[in-house]
file my_file23.pdb (PDB, C-alpha atoms)
MODEL        1
ATOM      1  CA  MET R   1     -46.355 -57.890  68.717
ATOM      2  CA  LYS R   2     -47.270 -55.880  65.639
ATOM      3  CA  LEU R   3     -44.518 -57.574  63.642
ATOM      4  CA  ALA R   4     -45.673 -61.061  64.650
ATOM      5  CA  GLU R   5     -49.174 -60.145  63.534
ATOM      6  CA  PHE R   6     -47.834 -58.873  60.234
ATOM      7  CA  LEU R   7     -45.840 -62.070  59.652
ATOM      8  CA  HIS R   8     -48.868 -64.177  60.584
ATOM      9  CA  MET R   9     -50.856 -62.723  57.628
ATOM     10  CA  GLY R  10     -54.198 -63.589  59.195
ATOM     11  CA  GLY R  11     -53.344 -67.293  59.099
ATOM     12  CA  TYR R  12     -52.233 -67.283  55.459
ATOM     13  CA  ALA R  13     -48.531 -66.819  56.250
ATOM     14  CA  PHE R  14     -47.418 -69.955  54.384
ATOM     15  CA  TYR R  15     -49.209 -69.053  51.148
ATOM     16  CA  VAL R  16     -48.381 -65.348  51.156
ATOM     17  CA  TRP R  17     -44.727 -65.636  52.153
ATOM     18  CA  SER R  18     -43.968 -68.561  49.851
ATOM     19  CA  SER R  19     -45.424 -66.557  46.952
ATOM     20  CA  TYR R  20     -43.214 -63.588  47.754
ATOM     21  CA  GLY R  21     -40.215 -65.813  48.494
ATOM     22  CA  ILE R  22     -40.378 -67.690  45.197
ATOM     23  CA  ALA R  23     -40.891 -64.439  43.297
ATOM     24  CA  LEU R  24     -37.854 -62.905  45.009
ATOM     25  CA  LEU R  25     -35.712 -65.965  44.298
ATOM     26  CA  VAL R  26     -36.640 -66.214  40.609
ATOM     27  CA  MET R  27     -36.195 -62.469  40.043
ATOM     28  CA  VAL R  28     -32.820 -62.279  41.810
ATOM     29  CA  VAL R  29     -31.472 -65.275  39.859
ATOM     30  CA  ASN R  30     -32.651 -63.747  36.571
ATOM     31  CA  LEU R  31     -30.988 -60.456  37.456
ATOM     32  CA  VAL R  32     -27.655 -61.805  38.671
ATOM     33  CA  LYS R  33     -27.090 -64.355  35.896
ATOM     34  CA  PRO R  34     -26.491 -61.856  33.036
ATOM     35  CA  ILE R  35     -24.346 -59.624  35.303
ATOM     36  CA  ILE R  36     -21.979 -62.527  36.049
ATOM     37  CA  TYR R  37     -22.117 -63.750  32.448
ATOM     38  CA  ARG R  38     -20.994 -60.375  31.073
ATOM     39  CA  ARG R  39     -17.983 -60.288  33.421
ATOM     40  CA  GLN R  40     -17.045 -63.829  32.381
ATOM     41  CA  LEU R  41     -17.358 -62.918  28.706
ATOM     42  CA  ILE R  42     -15.125 -59.868  28.979
ATOM     43  CA  ALA R  43     -12.539 -61.826  30.983
ATOM     44  CA  LYS R  44     -12.605 -64.602  28.381
ATOM     45  CA  PHE R  45     -12.210 -62.152  25.495
ATOM     46  CA  ALA R  46      -9.349 -60.412  27.287
ATOM     47  CA  ARG R  47      -7.478 -63.722  27.714
ATOM     48  CA  ARG R  48      -7.993 -64.486  24.044
ATOM     49  CA  GLN R  49      -6.812 -61.035  23.047
ATOM     50  CA  LYS R  50      -3.601 -61.553  25.007
ATOM     51  CA  ARG R  51      -2.990 -64.917  23.377
ATOM     52  CA  VAL R  52      -3.578 -63.595  19.872
ATOM     53  CA  GLY R  53      -1.368 -60.585  20.679
ATOM     54  CA  ARG R  54       1.542 -62.850  21.666
ATOM     55  CA  HIS R  55       1.231 -64.937  18.504
ATOM     56  CA  SER R  56       1.260 -61.949  16.170
ATOM     57  CA  GLN R  57       4.500 -60.523  17.622
TER      58      GLN R  57
ATOM     59  CA  MET Y   1     -35.850 -36.977  15.798
ATOM     60  CA  ILE Y   2     -37.281 -40.218  17.213
ATOM     61  CA  THR Y   3     -36.605 -42.254  14.065
ATOM     62  CA  GLN Y   4     -33.066 -40.915  14.081
ATOM     63  CA  PHE Y   5     -32.682 -42.007  17.682
ATOM     64  CA  PHE Y   6     -33.964 -45.515  16.932
ATOM     65  CA  HIS Y   7     -31.719 -45.721  13.910
ATOM     66  CA  ARG Y   8     -28.688 -44.922  16.032
ATOM     67  CA  LEU Y   9     -29.895 -47.278  18.766
ATOM     68  CA  SER Y  10     -29.873 -50.170  16.300
ATOM     69  CA  SER Y  11     -26.091 -49.821  16.018
ATOM     70  CA  PRO Y  12     -24.565 -52.349  18.472
ATOM     71  CA  PRO Y  13     -21.785 -50.200  20.017
ATOM     72  CA  TYR Y  14     -24.150 -47.259  20.509
ATOM     73  CA  TYR Y  15     -26.807 -49.509  22.009
ATOM     74  CA  TYR Y  16     -24.279 -51.145  24.319
ATOM     75  CA  ARG Y  17     -23.075 -47.802  25.704
ATOM     76  CA  PHE Y  18     -26.571 -46.302  25.878
ATOM     77  CA  ALA Y  19     -27.882 -49.330  27.801
ATOM     78  CA  GLY Y  20     -24.961 -49.071  30.210
ATOM     79  CA  LYS Y  21     -25.778 -45.431  30.920
ATOM     80  CA  CYS Y  22     -29.502 -46.139  31.457
ATOM     81  CA  LEU Y  23     -29.045 -49.068  33.823
ATOM     82  CA  PRO Y  24     -28.243 -47.214  37.097
ATOM     83  CA  TRP Y  25     -31.240 -44.881  36.678
ATOM     84  CA  LEU Y  26     -33.603 -47.698  35.810
ATOM     85  CA  THR Y  27     -32.363 -49.678  38.804
ATOM     86  CA  LEU Y  28     -33.001 -46.729  41.111
ATOM     87  CA  LEU Y  29     -36.531 -46.234  39.762
ATOM     88  CA  CYS Y  30     -37.236 -49.968  39.965
ATOM     89  CA  VAL Y  31     -36.089 -50.286  43.588
ATOM     90  CA  VAL Y  32     -38.077 -47.220  44.670
ATOM     91  CA  SER Y  33     -41.302 -48.389  43.006
ATOM     92  CA  LEU Y  34     -40.797 -51.950  44.238
ATOM     93  CA  LEU Y  35     -40.411 -50.792  47.843
ATOM     94  CA  ALA Y  36     -43.382 -48.426  47.561
ATOM     95  CA  GLY Y  37     -45.551 -51.138  45.994
ATOM     96  CA  LEU Y  38     -44.581 -53.733  48.589
ATOM     97  CA  TYR Y  39     -45.190 -51.341  51.482
ATOM     98  CA  GLY Y  40     -48.547 -50.315  50.043
ATOM     99  CA  GLY Y  41     -49.571 -53.888  49.303
ATOM    100  CA  LEU Y  42     -48.350 -55.680  52.393
ATOM    101  CA  VAL Y  43     -48.824 -52.986  55.046
ATOM    102  CA  LEU Y  44     -51.134 -50.147  53.989
ATOM    103  CA  ALA Y  45     -53.800 -52.002  52.005
ATOM    104  CA  PRO Y  46     -56.628 -53.331  54.197
ATOM    105  CA  ALA Y  47     -57.345 -57.071  54.305
ATOM    106  CA  ASP Y  48     -59.992 -58.285  51.862
ATOM    107  CA  TYR Y  49     -63.469 -58.785  53.352
ATOM    108  CA  GLN Y  50     -63.761 -62.270  51.843
ATOM    109  CA  GLN Y  51     -60.215 -63.468  51.359
ATOM    110  CA  GLY Y  52     -58.529 -61.870  54.371
ATOM    111  CA  ASP Y  53     -54.789 -61.400  54.041
ATOM    112  CA  SER Y  54     -54.395 -64.122  51.406
ATOM    113  CA  PHE Y  55     -55.438 -61.588  48.754
ATOM    114  CA  ARG Y  56     -52.019 -59.910  49.194
ATOM    115  CA  ILE Y  57     -50.656 -62.558  46.825
ATOM    116  CA  ILE Y  58     -52.292 -60.376  44.162
ATOM    117  CA  TYR Y  59     -49.307 -58.000  44.296
ATOM    118  CA  VAL Y  60     -46.958 -60.607  42.865
ATOM    119  CA  HIS Y  61     -49.462 -62.773  41.010
ATOM    120  CA  VAL Y  62     -51.200 -60.180  38.846
ATOM    121  CA  PRO Y  63     -48.095 -58.166  37.810
ATOM    122  CA  SER Y  64     -46.367 -61.478  36.930
ATOM    123  CA  ALA Y  65     -49.337 -62.569  34.829
ATOM    124  CA  TRP Y  66     -49.485 -59.170  33.091
ATOM    125  CA  MET Y  67     -45.759 -59.374  32.383
ATOM    126  CA  SER Y  68     -46.089 -62.897  30.973
ATOM    127  CA  LEU Y  69     -48.472 -61.521  28.315
ATOM    128  CA  PHE Y  70     -46.656 -58.205  27.799
ATOM    129  CA  ILE Y  71     -43.251 -59.835  27.295
ATOM    130  CA  TYR Y  72     -44.758 -62.344  24.875
ATOM    131  CA  MET Y  73     -46.095 -59.471  22.758
ATOM    132  CA  VAL Y  74     -42.728 -57.671  22.868
ATOM    133  CA  MET Y  75     -41.030 -60.908  21.831
ATOM    134  CA  ALA Y  76     -43.419 -61.590  18.954
ATOM    135  CA  ILE Y  77     -43.412 -58.000  17.655
ATOM    136  CA  SER Y  78     -39.653 -57.496  17.797
ATOM    137  CA  GLY Y  79     -39.193 -60.974  16.324
ATOM    138  CA  GLY Y  80     -41.551 -59.975  13.514
ATOM    139  CA  ILE Y  81     -39.624 -56.738  12.919
ATOM    140  CA  GLY Y  82     -36.407 -58.748  12.783
ATOM    141  CA  LEU Y  83     -38.024 -61.130  10.334
ATOM    142  CA  VAL Y  84     -39.149 -58.394   7.939
ATOM    143  CA  TRP Y  85     -36.324 -55.834   8.152
ATOM    144  CA  ARG Y  86     -33.511 -58.146   9.267
ATOM    145  CA  ILE Y  87     -32.537 -55.857  12.138
ATOM    146  CA  LYS Y  88     -30.094 -57.834  14.255
ATOM    147  CA  LEU Y  89     -30.899 -55.954  17.439
ATOM    148  CA  SER Y  90     -34.616 -56.675  17.277
ATOM    149  CA  GLU Y  91     -33.869 -60.384  16.823
ATOM    150  CA  ILE Y  92     -31.725 -60.163  19.948
ATOM    151  CA  VAL Y  93     -34.438 -58.346  21.917
ATOM    152  CA  ALA Y  94     -36.884 -61.099  20.950
ATOM    153  CA  ILE Y  95     -34.672 -63.990  21.956
ATOM    154  CA  CYS Y  96     -33.446 -62.327  25.167
ATOM    155  CA  SER Y  97     -37.049 -61.701  26.238
ATOM    156  CA  ALA Y  98     -37.987 -65.385  26.145
ATOM    157  CA  PRO Y  99     -36.345 -66.540  29.403
ATOM    158  CA  ILE Y 100     -37.642 -63.479  31.292
ATOM    159  CA  GLY Y 101     -41.151 -64.124  29.993
ATOM    160  CA  ALA Y 102     -40.877 -67.789  30.910
ATOM    161  CA  ALA Y 103     -39.820 -66.804  34.448
ATOM    162  CA  PHE Y 104     -42.836 -64.513  34.873
ATOM    163  CA  THR Y 105     -45.207 -67.137  33.456
ATOM    164  CA  PHE Y 106     -43.781 -69.643  35.926
ATOM    165  CA  LEU Y 107     -44.278 -67.128  38.753
ATOM    166  CA  ALA Y 108     -47.858 -66.403  37.678
ATOM    167  CA  LEU Y 109     -48.620 -70.145  37.727
ATOM    168  CA  VAL Y 110     -46.893 -70.867  41.051
ATOM    169  CA  THR Y 111     -48.266 -67.859  42.936
ATOM    170  CA  GLY Y 112     -51.691 -68.606  41.444
ATOM    171  CA  SER Y 113     -51.409 -72.124  42.760
ATOM    172  CA  LEU Y 114     -50.432 -70.828  46.209
ATOM    173  CA  TRP Y 115     -53.457 -68.553  46.102
ATOM    174  CA  GLY Y 116     -55.784 -71.216  44.763
ATOM    175  CA  LYS Y 117     -55.076 -73.710  47.530
ATOM    176  CA  PRO Y 118     -56.493 -71.632  50.437
ATOM    177  CA  MET Y 119     -59.252 -69.968  48.341
ATOM    178  CA  TRP Y 120     -60.467 -72.689  45.971
ATOM    179  CA  GLY Y 121     -59.264 -75.683  47.996
ATOM    180  CA  THR Y 122     -57.043 -76.959  45.195
ATOM    181  CA  TRP Y 123     -53.558 -76.263  43.856
ATOM    182  CA  TRP Y 124     -54.572 -76.759  40.248
ATOM    183  CA  VAL Y 125     -57.633 -77.185  38.017
ATOM    184  CA  TRP Y 126     -57.679 -77.753  34.263
ATOM    185  CA  ASP Y 127     -59.787 -74.719  33.545
ATOM    186  CA  ALA Y 128     -59.418 -72.300  30.656
ATOM    187  CA  ARG Y 129     -57.361 -69.561  32.320
ATOM    188  CA  LEU Y 130     -54.892 -71.888  34.010
ATOM    189  CA  THR Y 131     -54.486 -74.195  31.035
ATOM    190  CA  SER Y 132     -53.940 -71.382  28.523
ATOM    191  CA  GLU Y 133     -51.343 -69.817  30.838
ATOM    192  CA  LEU Y 134     -49.597 -73.196  31.053
ATOM    193  CA  ILE Y 135     -49.573 -73.352  27.232
ATOM    194  CA  LEU Y 136     -47.920 -69.904  27.292
ATOM    195  CA  LEU Y 137     -45.132 -71.359  29.434
ATOM    196  CA  PHE Y 138     -44.678 -74.177  26.904
ATOM    197  CA  LEU Y 139     -44.566 -71.621  24.073
ATOM    198  CA  TYR Y 140     -41.775 -69.747  25.839
ATOM    199  CA  LEU Y 141     -39.886 -72.987  26.477
ATOM    200  CA  GLY Y 142     -40.426 -73.983  22.833
ATOM    201  CA  VAL Y 143     -38.949 -70.671  21.650
ATOM    202  CA  ILE Y 144     -35.906 -71.115  23.912
ATOM    203  CA  ALA Y 145     -35.389 -74.755  22.851
ATOM    204  CA  LEU Y 146     -35.782 -74.018  19.136
ATOM    205  CA  TYR Y 147     -33.315 -71.136  19.305
ATOM    206  CA  SER Y 148     -30.667 -73.217  21.035
ATOM    207  CA  ALA Y 149     -31.207 -76.200  18.706
ATOM    208  CA  ILE Y 150     -30.115 -74.325  15.556
ATOM    209  CA  ASP Y 151     -26.425 -73.452  15.258
ATOM    210  CA  ASP Y 152     -26.689 -70.595  12.765
ATOM    211  CA  LYS Y 153     -28.020 -67.829  15.021
ATOM    212  CA  ARG Y 154     -29.572 -65.790  12.181
ATOM    213  CA  VAL Y 155     -31.526 -68.839  10.980
ATOM    214  CA  ALA Y 156     -32.410 -69.718  14.568
ATOM    215  CA  ALA Y 157     -33.740 -66.203  15.189
ATOM    216  CA  ARG Y 158     -35.927 -66.392  12.073
ATOM    217  CA  ALA Y 159     -37.369 -69.791  13.031
ATOM    218  CA  THR Y 160     -38.120 -68.724  16.602
ATOM    219  CA  SER Y 161     -39.732 -65.467  15.421
ATOM    220  CA  ILE Y 162     -42.172 -67.453  13.291
ATOM    221  CA  LEU Y 163     -42.978 -69.745  16.228
ATOM    222  CA  ALA Y 164     -43.470 -66.714  18.493
ATOM    223  CA  LEU Y 165     -45.783 -65.034  15.955
ATOM    224  CA  VAL Y 166     -47.909 -68.167  15.574
ATOM    225  CA  GLY Y 167     -48.170 -68.404  19.361
ATOM    226  CA  VAL Y 168     -49.698 -64.905  19.561
ATOM    227  CA  VAL Y 169     -53.078 -66.580  18.966
ATOM    228  CA  ASN Y 170     -52.875 -67.791  22.580
ATOM    229  CA  ILE Y 171     -52.704 -64.253  24.030
ATOM    230  CA  PRO Y 172     -56.358 -63.181  23.519
ATOM    231  CA  ILE Y 173     -57.408 -66.679  24.577
ATOM    232  CA  ILE Y 174     -55.679 -66.163  27.933
ATOM    233  CA  HIS Y 175     -57.097 -62.679  28.396
ATOM    234  CA  TYR Y 176     -60.708 -63.526  27.510
ATOM    235  CA  SER Y 177     -60.704 -67.079  28.921
ATOM    236  CA  VAL Y 178     -62.455 -65.859  32.080
ATOM    237  CA  GLU Y 179     -65.298 -64.449  29.964
ATOM    238  CA  TRP Y 180     -65.591 -67.098  27.264
ATOM    239  CA  TRP Y 181     -65.636 -70.103  29.565
ATOM    240  CA  ASN Y 182     -66.978 -70.853  32.986
ATOM    241  CA  THR Y 183     -63.827 -70.909  35.050
ATOM    242  CA  LEU Y 184     -62.853 -71.043  38.678
ATOM    243  CA  HIS Y 185     -60.594 -68.046  38.066
ATOM    244  CA  GLN Y 186     -62.198 -64.697  38.854
ATOM    245  CA  GLY Y 187     -62.941 -62.196  36.115
ATOM    246  CA  ALA Y 188     -60.926 -59.097  35.287
ATOM    247  CA  THR Y 189     -61.010 -56.420  37.966
ATOM    248  CA  VAL Y 190     -58.636 -53.859  36.471
ATOM    249  CA  THR Y 191     -58.073 -54.459  32.730
ATOM    250  CA  LYS Y 192     -61.592 -53.808  31.479
ATOM    251  CA  PHE Y 193     -63.383 -50.838  30.011
ATOM    252  CA  ASP Y 194     -65.517 -50.300  33.105
ATOM    253  CA  LYS Y 195     -64.204 -48.697  36.266
ATOM    254  CA  PRO Y 196     -61.892 -51.132  38.111
ATOM    255  CA  SER Y 197     -63.916 -53.052  40.708
ATOM    256  CA  ILE Y 198     -61.274 -52.775  43.402
ATOM    257  CA  HIS Y 199     -60.822 -50.176  46.105
ATOM    258  CA  ILE Y 200     -58.251 -47.461  45.441
ATOM    259  CA  ASP Y 201     -56.213 -48.419  48.553
ATOM    260  CA  MET Y 202     -55.798 -51.905  47.097
ATOM    261  CA  LEU Y 203     -55.423 -50.723  43.503
ATOM    262  CA  TRP Y 204     -52.556 -48.241  43.703
ATOM    263  CA  PRO Y 205     -49.990 -50.697  45.130
ATOM    264  CA  LEU Y 206     -50.953 -53.109  42.345
ATOM    265  CA  LEU Y 207     -50.298 -50.502  39.664
ATOM    266  CA  VAL Y 208     -47.027 -49.434  41.318
ATOM    267  CA  MET Y 209     -45.933 -53.094  41.431
ATOM    268  CA  ALA Y 210     -46.830 -53.419  37.749
ATOM    269  CA  VAL Y 211     -44.565 -50.439  36.976
ATOM    270  CA  ALA Y 212     -41.770 -51.968  39.097
ATOM    271  CA  PHE Y 213     -42.060 -55.282  37.218
ATOM    272  CA  LYS Y 214     -41.944 -53.486  33.856
ATOM    273  CA  LEU Y 215     -38.775 -51.663  34.942
ATOM    274  CA  TYR Y 216     -37.309 -54.940  36.165
ATOM    275  CA  TYR Y 217     -37.994 -56.522  32.776
ATOM    276  CA  LEU Y 218     -36.337 -53.590  31.031
ATOM    277  CA  ILE Y 219     -33.256 -53.881  33.269
ATOM    278  CA  VAL Y 220     -32.844 -57.627  32.746
ATOM    279  CA  LEU Y 221     -33.525 -57.205  29.024
ATOM    280  CA  LEU Y 222     -30.764 -54.587  28.728
ATOM    281  CA  LEU Y 223     -28.349 -56.806  30.702
ATOM    282  CA  ARG Y 224     -29.125 -59.852  28.548
ATOM    283  CA  THR Y 225     -29.022 -58.037  25.213
ATOM    284  CA  ARG Y 226     -25.631 -56.559  26.115
ATOM    285  CA  CYS Y 227     -24.252 -60.082  26.694
ATOM    286  CA  GLU Y 228     -25.772 -61.389  23.478
ATOM    287  CA  LEU Y 229     -24.287 -58.458  21.518
ATOM    288  CA  LEU Y 230     -20.825 -59.156  22.962
ATOM    289  CA  VAL Y 231     -21.068 -62.803  21.906
ATOM    290  CA  ARG Y 232     -22.287 -62.055  18.399
ATOM    291  CA  GLU Y 233     -19.893 -59.178  17.760
ATOM    292  CA  VAL Y 234     -16.838 -60.795  19.360
ATOM    293  CA  ASN Y 235     -14.653 -60.152  16.309
ATOM    294  CA  SER Y 236     -15.701 -56.547  15.791
ATOM    295  CA  LYS Y 237     -13.571 -53.495  16.469
ATOM    296  CA  TRP Y 238     -15.792 -52.036  19.198
ATOM    297  CA  VAL Y 239     -15.772 -55.234  21.284
ATOM    298  CA  ASN Y 240     -11.991 -55.474  20.917
ATOM    299  CA  GLU Y 241     -11.586 -51.902  22.094
ATOM    300  CA  LEU Y 242     -14.010 -52.454  24.958
ATOM    301  CA  VAL Y 243     -12.048 -55.508  26.133
ATOM    302  CA  LYS Y 244      -8.721 -53.687  25.768
ATOM    303  CA  SER Y 245      -9.889 -50.739  27.847
ATOM    304  CA  ARG Y 246     -10.518 -53.049  30.836
TER     305      ARG Y 246
ENDMDL
END

call {"tool": "encode", "arguments": {"input": "my_file23.pdb", "output": "structure tokens"}}
result
Amino acid sequence: MKLAEFLHMGGYAFYVWSSYGIALLVMVVNLVKPIIYRRQLIAKFARRQKRVGRHSQ
Amino acid sequence: MITQFFHRLSSPPYYYRFAGKCLPWLTLLCVVSLLAGLYGGLVLAPADYQQGDSFRIIYVHVPSAWMSLFIYMVMAISGGIGLVWRIKLSEIVAICSAPIGAAFTFLALVTGSLWGKPMWGTWWVWDARLTSELILLFLYLGVIALYSAIDDKRVAARATSILALVGVVNIPIIHYSVEWWNTLHQGATVTKFDKPSIHIDMLWPLLVMAVAFKLYYLIVLLLRTRCELLVREVNSKWVNELVKSR
């Protein structure tokens, strides 16, 4: 019962939880994007390094 | 000592490694303060006598708004340093800050809107505080667009730094808008010379959340600057060695 009361937020559940939800979404996206991007970059550079290595032999 | 440290930090390979070592610790601190702030704000703090539980939006709204101003100042200052001393890393810090600042400005506007609807009866009004914050969002978007429109990244960084510095004029306007004009937005409760007009049980989670958001910004900034360094220094020895060691 306590949890339901907490989630109800005194009748402001929609406003409070959408605020926190949007904030969570935006912050997670901003955090994950550069982590994935760095992996992609290093993988891309590694492929290029291999290619250049083959050509120079 | 400190100048020596900053001098070394401005070297890309050193910065890259140093940032990598800092990240786990910063993440730990950020998660701990975020959880503490959320628990304090959502559970421990009492409901407001006028606004009930809707005031709890403050714990995302106010730190986001503070960050939108703070990040803008970081961006303008480091852009200015890059402009004067041509330090590549400070140009990168400036340009990598822009999307994070834009995200926080967006959050400040959206959460403000979600707070305004139940309290003021409207999602949006064209009053001084809200309008100047919206202009801040456009400034961030302008910086991002200008940077991506110019191919030569050194030239692009210089142009965006000038734009960012000109835009600084908007910062005091946002901060003092609630005093200079009659607005629907309430006045400052914490960032003023007087004692904060908010109870300590409501205040401490707000300050802890502000710390968590600052740490979050630092983490994302380090992640983004590392990527930008890799792109710019793709032909350098240290990047080649880094890629080889994978």

call {"tool": "interface_residues", "arguments": {"input": "my_file23.pdb", "of": "chain Y", "to": "chain R", "cutoff": "8 Å", "atoms": "all atoms listed in the file", "output": "JSON, numbers by chain"}}
result
{"Y": [43, 52, 53, 54, 56, 57, 60, 100, 103, 107, 110, 111, 114, 115, 118, 220, 223, 224, 226, 227, 230, 231, 234, 240, 243, 244]}

call {"tool": "atom_distance", "arguments": {"input": "my_file23.pdb", "atom1": "atom CA of Glu228 of chain Y", "atom2": "atom CA of Ile2 of chain Y"}}
result
24.9 Å

call {"tool": "atom_distance", "arguments": {"input": "my_file23.pdb", "atom1": "atom CA of Arg158 of chain Y", "atom2": "atom CA of Leu83 of chain Y"}}
result
5.9 Å

call {"tool": "residues_near_point", "arguments": {"input": "my_file23.pdb", "point": "(-30.9, -48.2, 31.7)", "cutoff": "12 Å", "atoms": "only C-alpha atoms", "output": "list in words"}}
result
Tyr15, Tyr16, Arg17, Phe18, Ala19, Gly20, Lys21, Cys22, Leu23, Pro24, Trp25, Leu26, Thr27, Leu28, Leu29, Cys30, Leu215, Tyr216, Tyr217, Leu218, Ile219, Val220, Leu221, Leu222, Leu223, Thr225 and Arg226 of chain Y

call {"tool": "residues_around", "arguments": {"input": "my_file23.pdb", "residues": "segment 136-149 of chain Y", "least_positions_apart": "6", "cutoff": "12 Å", "atoms": "all atoms listed in the file", "output": "PyMOL selection string"}}
result
chain Y and resi 65+67-73+75-76+79+91-92+94-110+129-130+155-175

call {"tool": "atom_distance", "arguments": {"input": "my_file23.pdb", "atom1": "atom CA of Leu35 of chain Y", "atom2": "atom CA of Val74 of chain Y"}}
result
26.0 Å

call {"tool": "resolve_selection", "arguments": {"input": "my_file23.pdb", "expression": "the PyMOL selection byres ((chain Y and resi 41) around 12)", "output": "number ranges by chain"}}
result
R: 16, 20; Y: 33-40, 42-48, 53-60, 200-210

call {"tool": "build_atoms", "arguments": {"input": "my_file23.pdb", "residues": "segment 99-115 of chain Y", "atoms": "N, CA and C atoms", "output": "short mmCIF file (atom, residue, chain, number, x, y, z; two decimals), in the coordinates of the input"}}
result
data_model
loop_
_atom_site.label_atom_id
_atom_site.label_comp_id
_atom_site.auth_asym_id
_atom_site.auth_seq_id
_atom_site.Cartn_x
_atom_site.Cartn_y
_atom_site.Cartn_z
N PRO Y 99 -36.52 -65.99 28.05
CA PRO Y 99 -36.34 -66.54 29.40
C PRO Y 99 -37.00 -65.68 30.49
N ILE Y 100 -37.02 -64.36 30.29
CA ILE Y 100 -37.64 -63.48 31.29
C ILE Y 100 -39.15 -63.73 31.30
N GLY Y 101 -39.72 -63.84 30.10
CA GLY Y 101 -41.15 -64.12 29.99
C GLY Y 101 -41.50 -65.47 30.60
N ALA Y 102 -40.64 -66.46 30.35
CA ALA Y 102 -40.88 -67.79 30.91
C ALA Y 102 -40.86 -67.72 32.43
N ALA Y 103 -39.92 -66.94 32.99
CA ALA Y 103 -39.82 -66.80 34.45
C ALA Y 103 -41.10 -66.19 35.02
N PHE Y 104 -41.61 -65.15 34.37
CA PHE Y 104 -42.84 -64.51 34.87
C PHE Y 104 -44.05 -65.42 34.72
N THR Y 105 -44.09 -66.20 33.63
CA THR Y 105 -45.21 -67.14 33.46
C THR Y 105 -45.17 -68.18 34.56
N PHE Y 106 -43.96 -68.68 34.84
CA PHE Y 106 -43.78 -69.64 35.93
C PHE Y 106 -44.26 -69.05 37.25
N LEU Y 107 -43.87 -67.78 37.50
CA LEU Y 107 -44.28 -67.13 38.75
C LEU Y 107 -45.79 -66.95 38.82
N ALA Y 108 -46.40 -66.58 37.69
CA ALA Y 108 -47.86 -66.40 37.68
C ALA Y 108 -48.54 -67.73 38.03
N LEU Y 109 -48.03 -68.83 37.47
CA LEU Y 109 -48.62 -70.14 37.73
C LEU Y 109 -48.41 -70.57 39.18
N VAL Y 110 -47.19 -70.40 39.69
CA VAL Y 110 -46.89 -70.87 41.05
C VAL Y 110 -47.63 -70.03 42.10
N THR Y 111 -47.58 -68.69 41.94
CA THR Y 111 -48.27 -67.86 42.94
C THR Y 111 -49.78 -68.05 42.83
N GLY Y 112 -50.27 -68.32 41.62
CA GLY Y 112 -51.69 -68.61 41.44
C GLY Y 112 -52.08 -69.88 42.17
N SER Y 113 -51.18 -70.86 42.08
CA SER Y 113 -51.41 -72.12 42.76
C SER Y 113 -51.45 -71.92 44.28
N LEU Y 114 -50.50 -71.11 44.77
CA LEU Y 114 -50.43 -70.83 46.21
C LEU Y 114 -51.62 -69.99 46.68
N TRP Y 115 -52.27 -69.33 45.77
CA TRP Y 115 -53.46 -68.55 46.10
C TRP Y 115 -54.70 -69.45 45.98
#
